[in-house]
>>> print(open('coords-v7.pdb').read())   # PDB, C-alpha atoms and all ligand atoms
ATOM      1  CA  MET P   8      23.299   4.816  17.501
ATOM      2  CA  GLU P   9      23.205   5.981  21.056
ATOM      3  CA  GLY P  10      20.296   8.241  21.797
ATOM      4  CA  VAL P  11      17.961   6.516  19.288
ATOM      5  CA  ALA P  12      14.666   5.690  21.004
ATOM      6  CA  GLN P  13      13.757   2.048  21.598
ATOM      7  CA  PRO P  14      10.868   0.779  19.461
ATOM      8  CA  ASP P  15       7.449   0.464  21.063
ATOM      9  CA  PRO P  16       6.608  -3.286  20.898
ATOM     10  CA  ASP P  17       2.924  -2.508  20.255
ATOM     11  CA  LEU P  18       3.654  -0.586  17.065
ATOM     12  CA  LEU P  19       4.297  -2.089  13.629
ATOM     13  CA  ILE P  20       5.328   1.188  12.072
ATOM     14  CA  GLU P  21       6.771   3.931  14.248
ATOM     15  CA  PHE P  22       8.126   6.943  12.370
ATOM     16  CA  GLU P  23       9.418   9.985  14.202
ATOM     17  CA  ASP P  24      10.060  13.055  12.035
ATOM     18  CA  VAL P  25      10.917  10.829   9.080
ATOM     19  CA  LEU P  26      12.050  12.848   6.081
ATOM     20  CA  VAL P  27      13.395  11.895   2.649
ATOM     21  CA  ARG P  28      15.489  14.376   0.682
ATOM     22  CA  ARG P  29      16.940  13.868  -2.796
ATOM     23  CA  GLY P  30      19.106  16.424  -4.562
ATOM     24  CA  GLY P  31      18.113  19.211  -2.217
ATOM     25  CA  ASN P  32      14.359  18.532  -2.508
ATOM     26  CA  VAL P  33      12.222  17.152   0.288
ATOM     27  CA  LEU P  34      10.221  14.268  -1.215
ATOM     28  CA  VAL P  35       8.296  13.579   1.958
ATOM     29  CA  GLY P  36       8.362  14.618   5.589
ATOM     30  CA  PRO P  37       8.751  15.287   8.316
ATOM     31  CA  VAL P  38       6.220  12.554   9.094
ATOM     32  CA  THR P  39       5.474  11.181  12.558
ATOM     33  CA  TRP P  40       3.258   8.121  12.139
ATOM     34  CA  LYS P  41       2.305   5.136  14.266
ATOM     35  CA  VAL P  42       0.553   1.985  13.026
ATOM     36  CA  GLU P  43      -0.791  -0.599  15.481
ATOM     37  CA  LEU P  44      -1.427  -4.303  15.038
ATOM     38  CA  ASP P  45      -5.135  -4.309  14.228
ATOM     39  CA  GLU P  46      -5.193  -1.135  12.128
ATOM     40  CA  ARG P  47      -5.877  -0.805   8.412
ATOM     41  CA  TRP P  48      -4.514   2.444   6.999
ATOM     42  CA  VAL P  49      -5.026   4.238   3.737
ATOM     43  CA  VAL P  50      -2.378   6.737   2.621
ATOM     44  CA  LEU P  51      -4.036   9.177   0.278
ATOM     45  CA  GLY P  52      -2.923  12.236  -1.632
ATOM     46  CA  PRO P  53      -2.415  13.709  -5.104
ATOM     47  CA  ASN P  54       0.301  12.682  -7.582
ATOM     48  CA  GLY P  55       3.763  13.405  -6.263
ATOM     49  CA  ALA P  56       2.599  13.859  -2.649
ATOM     50  CA  GLY P  57       5.232  11.412  -1.385
ATOM     51  CA  LYS P  58       3.041   8.346  -0.769
ATOM     52  CA  THR P  59       5.282   5.782  -2.473
ATOM     53  CA  THR P  60       8.404   7.290  -0.921
ATOM     54  CA  LEU P  61       6.855   6.893   2.532
ATOM     55  CA  LEU P  62       5.718   3.337   1.775
ATOM     56  CA  ARG P  63       9.203   2.380   0.581
ATOM     57  CA  ILE P  64      10.524   3.168   4.043
ATOM     58  CA  ALA P  65       7.743   1.090   5.647
ATOM     59  CA  ALA P  66       8.688  -1.693   3.189
ATOM     60  CA  ALA P  67      12.309  -1.522   4.417
ATOM     61  CA  GLU P  68      13.403  -0.672   0.878
ATOM     62  CA  THR P  69      14.984   2.670   1.663
ATOM     63  CA  PHE P  70      16.329   4.688   4.576
ATOM     64  CA  PRO P  71      14.977   8.068   5.596
ATOM     65  CA  THR P  72      17.430  10.946   5.215
ATOM     66  CA  SER P  73      16.590  12.020   8.758
ATOM     67  CA  GLY P  74      14.302  11.037  11.601
ATOM     68  CA  THR P  75      13.824   7.694  13.305
ATOM     69  CA  ALA P  76      12.112   4.722  11.691
ATOM     70  CA  HIS P  77      11.115   1.510  13.436
ATOM     71  CA  VAL P  78       9.272  -1.203  11.484
ATOM     72  CA  LEU P  79       8.085  -4.432  13.170
ATOM     73  CA  GLY P  80      10.113  -3.514  16.222
ATOM     74  CA  GLU P  81      13.368  -3.160  14.255
ATOM     75  CA  THR P  82      15.294   0.092  14.154
ATOM     76  CA  PHE P  83      16.616   1.361  10.818
ATOM     77  CA  GLY P  84      20.373   1.693  10.978
ATOM     78  CA  ARG P  85      20.632  -1.124  13.509
ATOM     79  CA  THR P  86      19.025  -3.958  11.589
ATOM     80  CA  ASP P  87      19.488  -5.881   8.349
ATOM     81  CA  LEU P  88      16.750  -4.486   6.103
ATOM     82  CA  SER P  89      16.802  -7.540   3.826
ATOM     83  CA  GLU P  90      15.900  -9.720   6.838
ATOM     84  CA  LEU P  91      13.161  -7.290   7.794
ATOM     85  CA  ARG P  92      11.716  -7.382   4.251
ATOM     86  CA  THR P  93      10.966 -11.116   4.617
ATOM     87  CA  ARG P  94       8.378 -10.216   7.277
ATOM     88  CA  ILE P  95       6.568  -7.705   5.065
ATOM     89  CA  GLY P  96       4.137  -8.411   2.201
ATOM     90  CA  LEU P  97       4.360  -5.847  -0.593
ATOM     91  CA  SER P  98       2.408  -5.366  -3.788
ATOM     92  CA  SER P  99       3.517  -2.489  -5.998
ATOM     93  CA  ALA P 100       3.786  -1.461  -9.635
ATOM     94  CA  ALA P 101       7.584  -1.655  -9.361
ATOM     95  CA  LEU P 102       7.299  -5.307  -8.356
ATOM     96  CA  ALA P 103       4.644  -6.035 -11.009
ATOM     97  CA  ASN P 104       6.981  -4.708 -13.712
ATOM     98  CA  ARG P 105       9.662  -7.216 -12.726
ATOM     99  CA  VAL P 106       7.501 -10.340 -13.044
ATOM    100  CA  PRO P 107       8.530 -12.467 -16.050
ATOM    101  CA  PHE P 108       5.515 -12.773 -18.386
ATOM    102  CA  ASP P 109       5.957 -16.536 -18.764
ATOM    103  CA  GLU P 110       5.874 -17.115 -14.989
ATOM    104  CA  LYS P 111       3.094 -19.501 -13.971
ATOM    105  CA  VAL P 112       0.744 -17.839 -11.496
ATOM    106  CA  VAL P 113       0.987 -20.526  -8.819
ATOM    107  CA  ASP P 114       4.809 -20.426  -9.032
ATOM    108  CA  LEU P 115       4.787 -16.646  -8.772
ATOM    109  CA  VAL P 116       2.836 -16.907  -5.520
ATOM    110  CA  ILE P 117       4.967 -19.760  -4.151
ATOM    111  CA  SER P 118       8.275 -18.037  -4.931
ATOM    112  CA  ALA P 119       7.406 -15.255  -2.454
ATOM    113  CA  GLY P 120       8.161 -17.783   0.273
ATOM    114  CA  TYR P 121      11.684 -18.086  -1.086
ATOM    115  CA  GLY P 122      12.202 -14.339  -1.461
ATOM    116  CA  VAL P 123      12.583 -14.550  -5.251
ATOM    117  CA  LEU P 124      10.482 -13.485  -8.213
ATOM    118  CA  GLY P 125      11.015 -16.061 -10.954
ATOM    119  CA  ARG P 126      10.637 -19.805 -10.551
ATOM    120  CA  TRP P 127      13.943 -21.133  -9.285
ATOM    121  CA  ARG P 128      13.118 -24.752  -8.539
ATOM    122  CA  GLU P 129      11.798 -27.503 -10.759
ATOM    123  CA  ARG P 130       9.445 -28.728  -8.054
ATOM    124  CA  TYR P 131       7.936 -27.167  -4.977
ATOM    125  CA  ASP P 132       6.565 -29.026  -1.952
ATOM    126  CA  ALA P 133       2.867 -29.928  -1.993
ATOM    127  CA  MET P 134       2.511 -27.763   1.137
ATOM    128  CA  ASP P 135       3.796 -24.735  -0.757
ATOM    129  CA  THR P 136       1.357 -25.373  -3.573
ATOM    130  CA  ASP P 137      -1.567 -25.863  -1.181
ATOM    131  CA  ARG P 138      -0.835 -22.600   0.578
ATOM    132  CA  ALA P 139      -0.443 -20.713  -2.708
ATOM    133  CA  ILE P 140      -3.815 -22.030  -3.914
ATOM    134  CA  GLU P 141      -5.352 -21.022  -0.571
ATOM    135  CA  MET P 142      -3.982 -17.483  -0.968
ATOM    136  CA  LEU P 143      -5.253 -17.301  -4.564
ATOM    137  CA  GLU P 144      -8.655 -18.497  -3.323
ATOM    138  CA  SER P 145      -8.803 -15.707  -0.753
ATOM    139  CA  LEU P 146      -8.485 -13.226  -3.623
ATOM    140  CA  GLY P 147     -10.883 -15.142  -5.903
ATOM    141  CA  ALA P 148      -8.057 -16.043  -8.259
ATOM    142  CA  GLU P 149      -7.576 -19.791  -7.801
ATOM    143  CA  HIS P 150      -8.825 -20.455 -11.348
ATOM    144  CA  LEU P 151      -5.776 -18.568 -12.634
ATOM    145  CA  ALA P 152      -3.226 -20.836 -10.917
ATOM    146  CA  ASP P 153      -1.980 -22.537 -14.090
ATOM    147  CA  ARG P 154      -2.046 -19.472 -16.335
ATOM    148  CA  SER P 155       1.079 -17.519 -17.190
ATOM    149  CA  TYR P 156       1.247 -14.043 -15.654
ATOM    150  CA  GLY P 157       1.555 -12.341 -19.060
ATOM    151  CA  THR P 158      -1.876 -13.589 -20.144
ATOM    152  CA  LEU P 159      -3.729 -12.071 -17.154
ATOM    153  CA  SER P 160      -5.836  -8.924 -17.243
ATOM    154  CA  GLU P 161      -4.725  -5.961 -15.126
ATOM    155  CA  GLY P 162      -7.307  -6.778 -12.431
ATOM    156  CA  GLU P 163      -6.280 -10.432 -12.337
ATOM    157  CA  ARG P 164      -2.606  -9.439 -12.019
ATOM    158  CA  LYS P 165      -3.381  -7.176  -9.070
ATOM    159  CA  ARG P 166      -5.217  -9.954  -7.238
ATOM    160  CA  VAL P 167      -2.436 -12.463  -7.922
ATOM    161  CA  LEU P 168       0.187 -10.035  -6.612
ATOM    162  CA  ILE P 169      -1.771  -9.505  -3.397
ATOM    163  CA  ALA P 170      -2.060 -13.299  -2.991
ATOM    164  CA  ARG P 171       1.728 -13.421  -3.424
ATOM    165  CA  ALA P 172       2.188 -10.691  -0.816
ATOM    166  CA  LEU P 173       0.125 -12.778   1.638
ATOM    167  CA  MET P 174       1.960 -16.056   0.907
ATOM    168  CA  THR P 175       4.568 -15.611   3.641
ATOM    169  CA  ASP P 176       1.974 -14.786   6.307
ATOM    170  CA  PRO P 177       3.484 -11.304   6.664
ATOM    171  CA  GLU P 178       3.173  -9.223   9.810
ATOM    172  CA  LEU P 179       2.576  -6.143   7.684
ATOM    173  CA  LEU P 180       0.851  -5.893   4.283
ATOM    174  CA  LEU P 181       1.689  -2.911   2.062
ATOM    175  CA  LEU P 182      -0.359  -2.260  -1.082
ATOM    176  CA  ASP P 183       0.773   0.527  -3.396
ATOM    177  CA  GLU P 184      -2.176   1.564  -5.591
ATOM    178  CA  PRO P 185      -3.708  -1.910  -5.839
ATOM    179  CA  ALA P 186      -6.660  -0.638  -7.901
ATOM    180  CA  ALA P 187      -4.685   1.491 -10.379
ATOM    181  CA  GLY P 188      -5.610   0.734 -13.967
ATOM    182  CA  LEU P 189      -8.677  -1.334 -13.119
ATOM    183  CA  ASP P 190     -12.059  -0.787 -14.737
ATOM    184  CA  LEU P 191     -15.148  -0.229 -12.586
ATOM    185  CA  GLY P 192     -15.903  -3.958 -12.237
ATOM    186  CA  GLY P 193     -12.291  -4.816 -11.466
ATOM    187  CA  ARG P 194     -12.039  -2.052  -8.892
ATOM    188  CA  GLU P 195     -15.247  -3.076  -7.159
ATOM    189  CA  GLU P 196     -14.189  -6.731  -7.109
ATOM    190  CA  LEU P 197     -10.834  -5.807  -5.569
ATOM    191  CA  VAL P 198     -12.318  -3.367  -3.049
ATOM    192  CA  ALA P 199     -14.745  -6.096  -1.941
ATOM    193  CA  ARG P 200     -11.898  -8.621  -1.521
ATOM    194  CA  LEU P 201      -9.827  -6.121   0.443
ATOM    195  CA  GLY P 202     -12.891  -5.310   2.538
ATOM    196  CA  VAL P 203     -13.145  -8.986   3.545
ATOM    197  CA  LEU P 204      -9.443  -9.013   4.415
ATOM    198  CA  ALA P 205      -9.800  -5.768   6.383
ATOM    199  CA  VAL P 206     -12.286  -7.274   8.832
ATOM    200  CA  ASP P 207     -10.458 -10.599   9.160
ATOM    201  CA  PRO P 208      -8.858 -10.529  12.638
ATOM    202  CA  ASP P 209      -6.109 -12.875  11.400
ATOM    203  CA  ALA P 210      -5.149 -10.594   8.500
ATOM    204  CA  PRO P 211      -2.004  -8.516   8.923
ATOM    205  CA  ALA P 212      -1.986  -4.788   9.621
ATOM    206  CA  THR P 213      -2.405  -3.182   6.216
ATOM    207  CA  VAL P 214      -1.351   0.078   4.571
ATOM    208  CA  LEU P 215      -2.940   0.867   1.209
ATOM    209  CA  ILE P 216      -1.921   3.753  -1.026
ATOM    210  CA  THR P 217      -4.399   5.397  -3.353
ATOM    211  CA  HIS P 218      -5.363   8.685  -5.005
ATOM    212  CA  HIS P 219      -9.055   7.869  -4.901
ATOM    213  CA  VAL P 220     -11.374   7.739  -1.886
ATOM    214  CA  GLU P 221     -13.614   5.354  -3.885
ATOM    215  CA  GLU P 222     -10.844   2.758  -3.551
ATOM    216  CA  ILE P 223     -10.878   2.732   0.267
ATOM    217  CA  PRO P 224     -12.256  -0.687   1.215
ATOM    218  CA  PRO P 225     -14.933  -0.837   3.910
ATOM    219  CA  GLY P 226     -13.389  -1.925   7.208
ATOM    220  CA  PHE P 227     -10.356   0.346   6.863
ATOM    221  CA  THR P 228      -9.825   2.207  10.103
ATOM    222  CA  HIS P 229      -7.280   5.018   9.651
ATOM    223  CA  ALA P 230      -5.993   7.458   7.049
ATOM    224  CA  LEU P 231      -2.926   9.575   6.420
ATOM    225  CA  LEU P 232      -3.473  12.423   3.988
ATOM    226  CA  LEU P 233      -0.410  13.881   2.239
ATOM    227  CA  LYS P 234       0.133  16.973   0.115
ATOM    228  CA  GLU P 235       3.503  17.969  -1.349
ATOM    229  CA  GLY P 236       5.302  15.689   1.101
ATOM    230  CA  ALA P 237       3.595  17.075   4.195
ATOM    231  CA  VAL P 238       0.849  15.570   6.359
ATOM    232  CA  VAL P 239      -2.495  17.355   5.923
ATOM    233  CA  ALA P 240      -4.250  15.124   8.468
ATOM    234  CA  GLN P 241      -3.956  11.662  10.010
ATOM    235  CA  GLY P 242      -5.963   9.531  12.402
ATOM    236  CA  LEU P 243      -9.317   7.772  12.368
ATOM    237  CA  LEU P 244     -10.673   7.383   8.838
ATOM    238  CA  ASP P 245     -13.854   9.401   9.313
ATOM    239  CA  ASP P 246     -11.978  12.254  10.970
ATOM    240  CA  VAL P 247      -9.425  12.464   8.143
ATOM    241  CA  ILE P 248     -11.472  11.725   5.024
ATOM    242  CA  THR P 249     -13.612  14.856   5.048
ATOM    243  CA  GLY P 250     -14.527  17.313   2.301
ATOM    244  CA  GLU P 251     -12.491  19.968   4.049
ATOM    245  CA  ASN P 252      -9.304  17.892   4.302
ATOM    246  CA  LEU P 253      -9.618  16.588   0.731
ATOM    247  CA  SER P 254     -10.153  20.142  -0.530
ATOM    248  CA  GLU P 255      -6.916  21.117   1.192
ATOM    249  CA  ALA P 256      -4.975  18.099  -0.106
ATOM    250  CA  PHE P 257      -6.218  18.345  -3.715
ATOM    251  CA  SER P 258      -6.260  22.187  -3.812
ATOM    252  CA  GLN P 259      -9.864  22.449  -4.962
ATOM    253  CA  SER P 260     -13.265  22.398  -3.361
ATOM    254  CA  ILE P 261     -14.273  18.743  -2.921
ATOM    255  CA  THR P 262     -17.698  17.451  -1.963
ATOM    256  CA  LEU P 263     -17.658  14.087  -0.237
ATOM    257  CA  ASP P 264     -20.386  11.480   0.253
ATOM    258  CA  LYS P 265     -20.325   8.311   2.289
ATOM    259  CA  VAL P 266     -22.637   5.476   1.236
ATOM    260  CA  ASP P 267     -22.639   1.914   2.639
ATOM    261  CA  GLY P 268     -19.260   2.471   4.319
ATOM    262  CA  ARG P 269     -17.669   3.750   1.073
ATOM    263  CA  PHE P 270     -16.527   7.263   0.176
ATOM    264  CA  PHE P 271     -17.312   9.092  -3.066
ATOM    265  CA  ALA P 272     -15.743  12.440  -3.973
ATOM    266  CA  ARG P 273     -16.252  15.033  -6.689
ATOM    267  CA  ARG P 274     -15.381  18.657  -7.274
ATOM    268  CA  THR P 275     -17.982  20.932  -5.732
ATOM    269  CA  TRP P 276     -20.288  22.123  -8.492
ATOM    270  CA  GLU P 277     -20.241  25.879  -8.798
ATOM    271  CA  PRO P 278     -22.809  27.009 -11.408
ATOM    272  CA  GLY P 279     -21.355  29.361 -14.017
ATOM    273  CA  ARG P 280     -17.768  28.660 -13.066
ATOM    274  CA  HIS P 281     -16.897  27.119 -16.443
ATOM    275  CA  ARG P 282     -19.101  29.377 -18.555
ATOM    276  CA  ARG P 283     -17.344  31.546 -21.097
ATOM    277  CA  GLY P 284     -17.428  35.307 -20.973
TER     278      GLY P 284
HETATM  279  N1  LIG C   1      14.761   9.248  -6.643
HETATM  280  C1  LIG C   1      14.160  10.425  -6.728
HETATM  281  N2  LIG C   1      14.880  11.554  -6.953
HETATM  282  C2  LIG C   1      14.273  12.755  -7.036
HETATM  283  N3  LIG C   1      12.951  12.927  -6.882
HETATM  284  C3  LIG C   1      12.196  11.851  -6.668
HETATM  285  C4  LIG C   1      12.745  10.539  -6.569
HETATM  286  N4  LIG C   1      11.741   9.664  -6.336
HETATM  287  C5  LIG C   1      10.606  10.387  -6.276
HETATM  288  N5  LIG C   1      10.877  11.689  -6.483
HETATM  289  C6  LIG C   1       9.906  12.808  -6.440
HETATM  290  O1  LIG C   1       9.385  12.803  -5.125
HETATM  291  C7  LIG C   1       8.030  13.212  -5.143
HETATM  292  C8  LIG C   1       7.197  12.183  -4.425
HETATM  293  O2  LIG C   1       7.177  11.000  -5.185
HETATM  294  P1  LIG C   1       6.288   9.740  -4.785
HETATM  295  O3  LIG C   1       6.445   8.720  -5.871
HETATM  296  O4  LIG C   1       6.615   9.336  -3.411
HETATM  297  O5  LIG C   1       4.846  10.381  -4.806
HETATM  298  P2  LIG C   1       3.412   9.670  -4.872
HETATM  299  O6  LIG C   1       2.560  10.409  -3.918
HETATM  300  O7  LIG C   1       3.571   8.206  -4.660
HETATM  301  O8  LIG C   1       3.023   9.984  -6.357
HETATM  302  P3  LIG C   1       2.052   9.220  -7.378
HETATM  303  O9  LIG C   1       0.694   9.267  -6.771
HETATM  304  O10 LIG C   1       2.135  10.048  -8.619
HETATM  305  O11 LIG C   1       2.584   7.828  -7.559
HETATM  306  C9  LIG C   1       7.657  13.407  -6.611
HETATM  307  O12 LIG C   1       7.732  14.786  -6.894
HETATM  308  C10 LIG C   1       8.721  12.645  -7.358
HETATM  309  O13 LIG C   1       8.985  13.229  -8.620
END
>>> encode(input="coords-v7.pdb", output="structure tokens")
Amino acid sequence: MEGVAQPDPDLLIEFEDVLVRRGGNVLVGPVTWKVELDERWVVLGPNGAGKTTLLRIAAAETFPTSGTAHVLGETFGRTDLSELRTRIGLSSAALANRVPFDEKVVDLVISAGYGVLGRWRERYDAMDTDRAIEMLESLGAEHLADRSYGTLSEGERKRVLIARALMTDPELLLLDEPAAGLDLGGREELVARLGVLAVDPDAPATVLITHHVEEIPPGFTHALLLKEGAVVAQGLLDDVITGENLSEAFSQSITLDKVDGRFFARRTWEPGRHRRG
């Protein structure tokens, strides 16, 4: 691995020309991206833009086909990715689908500390339980502790999975579409919780994937906008989340509003455009 650059100790994610190719197709890249300690990033783009593929590299779940990837100061190709994964909190649909329905919520949160999904011990330490309840509290989900995962609503499941991702006090928190499938109330509740986390100086650096600007919690600082695997724009949130950039990413004219620190987007209304004849 001679010639591979040393990681910058101030960066949690440091990608240089990272690219993922499968079967001759470029799924994402080349992406050069740097995430610092106190930053909260949103990765936004249409279906198939490559968001999850990029996040899976940040989650140490997959290698890039080319380029250089450093996460938490570790260099891909030189480090044990399974070790690295223990330092990262991840909530994703792929993970949600693997949770046994009869798993008790508090056990699901605790088991993150042991790097497993299902309950694998008869008893956990009181300290483990206390911390799990604390994490559930921070997401407003402590009342669900004794319920089984299968009985939870979609919104409750999302909050429990984020509590689980926080259980190990990760250095990096990765949230893949945390608000997907939630109704308006559920989305607003989650966005508010994530907004509190975003401004907490003790919270880990966070990367959140979404298709919808309405799901960007207040307090988020940066954005990476993808289209067909390529970066449309990246940098400070207000510089990236603009009508112009969204129009480019979503291939239609988008009008954007910002109210109370939140973004709202819609297709630009063009009178007569949909009239027949
Ligand atoms: N293992 C794979 N082999 C081939 N193509 C893949 C593979 N995984 C993903 N893709 C393709 O790569 C592209 C990017 O997928 P990815 O899931 O990263 O996009 P996304 O932006 O997260 O999409 P969505 O918003 O719909 O979840 C898509 O066209 C997808 O079909």
>>> residues_near_ligand(input="coords-v7.pdb", ligand="ligand LIG 1 (chain C)", cutoff="12 Å", atoms="all atoms listed in the file", output="ChimeraX atom specification")
/P:26-36,50-64,69,99-101,182-185,187,215-219,231-238,256-257
>>> closest_residue(input="coords-v7.pdb", among="P:Val239, P:Ala212, P:Ala186, P:Ala119", to="Val38 of chain P", atoms="all atoms listed in the file")
P:Val239
>>> residues_near_point(input="coords-v7.pdb", point="(6.5, -14.5, 2.2)", cutoff="7 Å", atoms="only C-alpha atoms", output="list in words")
Thr93, Arg94, Gly96, Ala119, Gly120, Gly122, Ala172, Leu173, Met174, Thr175, Asp176 and Pro177 of chain P
>>> residues_around(input="coords-v7.pdb", residues="Leu263 of chain P", least_positions_apart="6", cutoff="6 Å", atoms="all atoms listed in the file", output="list in words")
Gly250, Phe271 and Ala272 of chain P
>>> write_last_selection(input="coords-v7.pdb", atoms="C-alpha atoms", output="PDB file, in the coordinates of the input")
ATOM      1  CA  GLY P 250     -14.527  17.313   2.301  1.00  0.00           C
ATOM      2  CA  PHE P 271     -17.312   9.092  -3.066  1.00  0.00           C
ATOM      3  CA  ALA P 272     -15.743  12.440  -3.973  1.00  0.00           C
TER       4      ALA P 272
END
>>> atom_distance(input="coords-v7.pdb", atom1="atom CA of Pro278 of chain P", atom2="atom CA of Asp245 of chain P")
28.6 Å
>>> resolve_selection(input="coords-v7.pdb", expression="the PyMOL selection byres (((chain P and resi 40) around 9) and not hetatm)", output="PyMOL selection string")
chain P and resi 20-25+38-39+41-42+231+241
>>> atom_distance(input="coords-v7.pdb", atom1="atom CA of Leu197 of chain P", atom2="atom CA of Glu110 of chain P")
22.3 Å
>>> resolve_selection(input="coords-v7.pdb", expression="the PyMOL selection byres (((chain P and resi 147-150) around 12) and not hetatm)", output="NGL selection string")
:P and (112-113 or 116 or 136-146 or 151-155 or 159-160 or 162-171 or 193 or 196-197 or 199-201 or 203)
>>> closest_residue(input="coords-v7.pdb", among="P:Pro211, P:Gly74, P:Pro225, P:Gly157", to="Leu181 of chain P", atoms="only C-alpha atoms")
P:Pro211
>>> atom_distance(input="coords-v7.pdb", atom1="atom CA of His229 of chain P", atom2="atom CA of Arg273 of chain P")
21.2 Å
>>> closest_residue(input="coords-v7.pdb", among="P:Asp209, P:Asp15, P:Glu255, P:Glu222", to="Leu79 of chain P", atoms="only C-alpha atoms")
P:Asp15
>>> resolve_selection(input="coords-v7.pdb", expression="the PyMOL selection byres (((chain P and resi 249) around 10) and not hetatm)", output="list of chain:residue names")
P:Ala240, P:Leu244, P:Asp245, P:Asp246, P:Val247, P:Ile248, P:Gly250, P:Glu251, P:Asn252, P:Leu253, P:Ser254, P:Glu255, P:Ile261, P:Thr262, P:Leu263, P:Asp264, P:Lys265, P:Phe270, P:Ala272
>>> write_last_selection(input="coords-v7.pdb", atoms="C-alpha atoms", output="mmCIF file, in the frame of the given file")
data_model
loop_
_atom_site.group_PDB
_atom_site.id
_atom_site.type_symbol
_atom_site.label_atom_id
_atom_site.label_comp_id
_atom_site.auth_asym_id
_atom_site.auth_seq_id
_atom_site.Cartn_x
_atom_site.Cartn_y
_atom_site.Cartn_z
ATOM 1 C CA ALA P 240 -4.250 15.124 8.468
ATOM 2 C CA LEU P 244 -10.673 7.383 8.838
ATOM 3 C CA ASP P 245 -13.854 9.401 9.313
ATOM 4 C CA ASP P 246 -11.978 12.254 10.970
ATOM 5 C CA VAL P 247 -9.425 12.464 8.143
ATOM 6 C CA ILE P 248 -11.472 11.725 5.024
ATOM 7 C CA GLY P 250 -14.527 17.313 2.301
ATOM 8 C CA GLU P 251 -12.491 19.968 4.049
ATOM 9 C CA ASN P 252 -9.304 17.892 4.302
ATOM 10 C CA LEU P 253 -9.618 16.588 0.731
ATOM 11 C CA SER P 254 -10.153 20.142 -0.530
ATOM 12 C CA GLU P 255 -6.916 21.117 1.192
ATOM 13 C CA ILE P 261 -14.273 18.743 -2.921
ATOM 14 C CA THR P 262 -17.698 17.451 -1.963
ATOM 15 C CA LEU P 263 -17.658 14.087 -0.237
ATOM 16 C CA ASP P 264 -20.386 11.480 0.253
ATOM 17 C CA LYS P 265 -20.325 8.311 2.289
ATOM 18 C CA PHE P 270 -16.527 7.263 0.176
ATOM 19 C CA ALA P 272 -15.743 12.440 -3.973
#
>>> closest_residue(input="coords-v7.pdb", among="P:Leu102, P:Leu91, P:Pro71, P:Gly226", to="Pro208 of chain P", atoms="all atoms listed in the file")
P:Gly226
>>> closest_residue(input="coords-v7.pdb", among="P:Trp276, P:Phe83, P:Phe70, P:Trp48", to="Pro14 of chain P", atoms="only C-alpha atoms")
P:Phe83
>>> closest_residue(input="coords-v7.pdb", among="P:Val214, P:Leu191, P:Ala66, P:Ala12", to="Thr82 of chain P", atoms="all atoms listed in the file")
P:Ala12
>>> build_atoms(input="coords-v7.pdb", residues="segment 141-153 of chain P", atoms="N, CA and C atoms", output="CSV table (one decimal), in the coordinates of the input")
chain,number,residue,atom,x,y,z
P,141,GLU,N,-4.5,-21.6,-1.6
P,141,GLU,CA,-5.4,-21.0,-0.6
P,141,GLU,C,-5.3,-19.5,-0.7
P,142,MET,N,-4.1,-18.9,-0.9
P,142,MET,CA,-4.0,-17.5,-1.0
P,142,MET,C,-4.7,-17.0,-2.2
P,143,LEU,N,-4.6,-17.7,-3.3
P,143,LEU,CA,-5.3,-17.3,-4.6
P,143,LEU,C,-6.8,-17.4,-4.3
P,144,GLU,N,-7.2,-18.4,-3.6
P,144,GLU,CA,-8.7,-18.5,-3.3
P,144,GLU,C,-9.2,-17.3,-2.6
P,145,SER,N,-8.4,-16.8,-1.6
P,145,SER,CA,-8.8,-15.7,-0.8
P,145,SER,C,-9.0,-14.4,-1.6
P,146,LEU,N,-8.3,-14.4,-2.7
P,146,LEU,CA,-8.5,-13.2,-3.6
P,146,LEU,C,-9.4,-13.6,-4.8
P,147,GLY,N,-10.0,-14.7,-4.8
P,147,GLY,CA,-10.9,-15.1,-5.9
P,147,GLY,C,-10.1,-15.4,-7.2
P,148,ALA,N,-8.9,-15.9,-7.1
P,148,ALA,CA,-8.1,-16.0,-8.3
P,148,ALA,C,-7.5,-17.5,-8.4
P,149,GLU,N,-8.1,-18.4,-7.7
P,149,GLU,CA,-7.6,-19.8,-7.8
P,149,GLU,C,-7.7,-20.4,-9.2
P,150,HIS,N,-8.7,-19.9,-10.0
P,150,HIS,CA,-8.8,-20.5,-11.3
P,150,HIS,C,-7.7,-20.0,-12.3
P,151,LEU,N,-6.9,-19.1,-11.8
P,151,LEU,CA,-5.8,-18.6,-12.6
P,151,LEU,C,-4.5,-19.3,-12.4
P,152,ALA,N,-4.5,-20.2,-11.4
P,152,ALA,CA,-3.2,-20.8,-10.9
P,152,ALA,C,-2.3,-21.3,-12.0
P,153,ASP,N,-2.8,-21.9,-13.1
P,153,ASP,CA,-2.0,-22.5,-14.1
P,153,ASP,C,-1.7,-21.6,-15.3
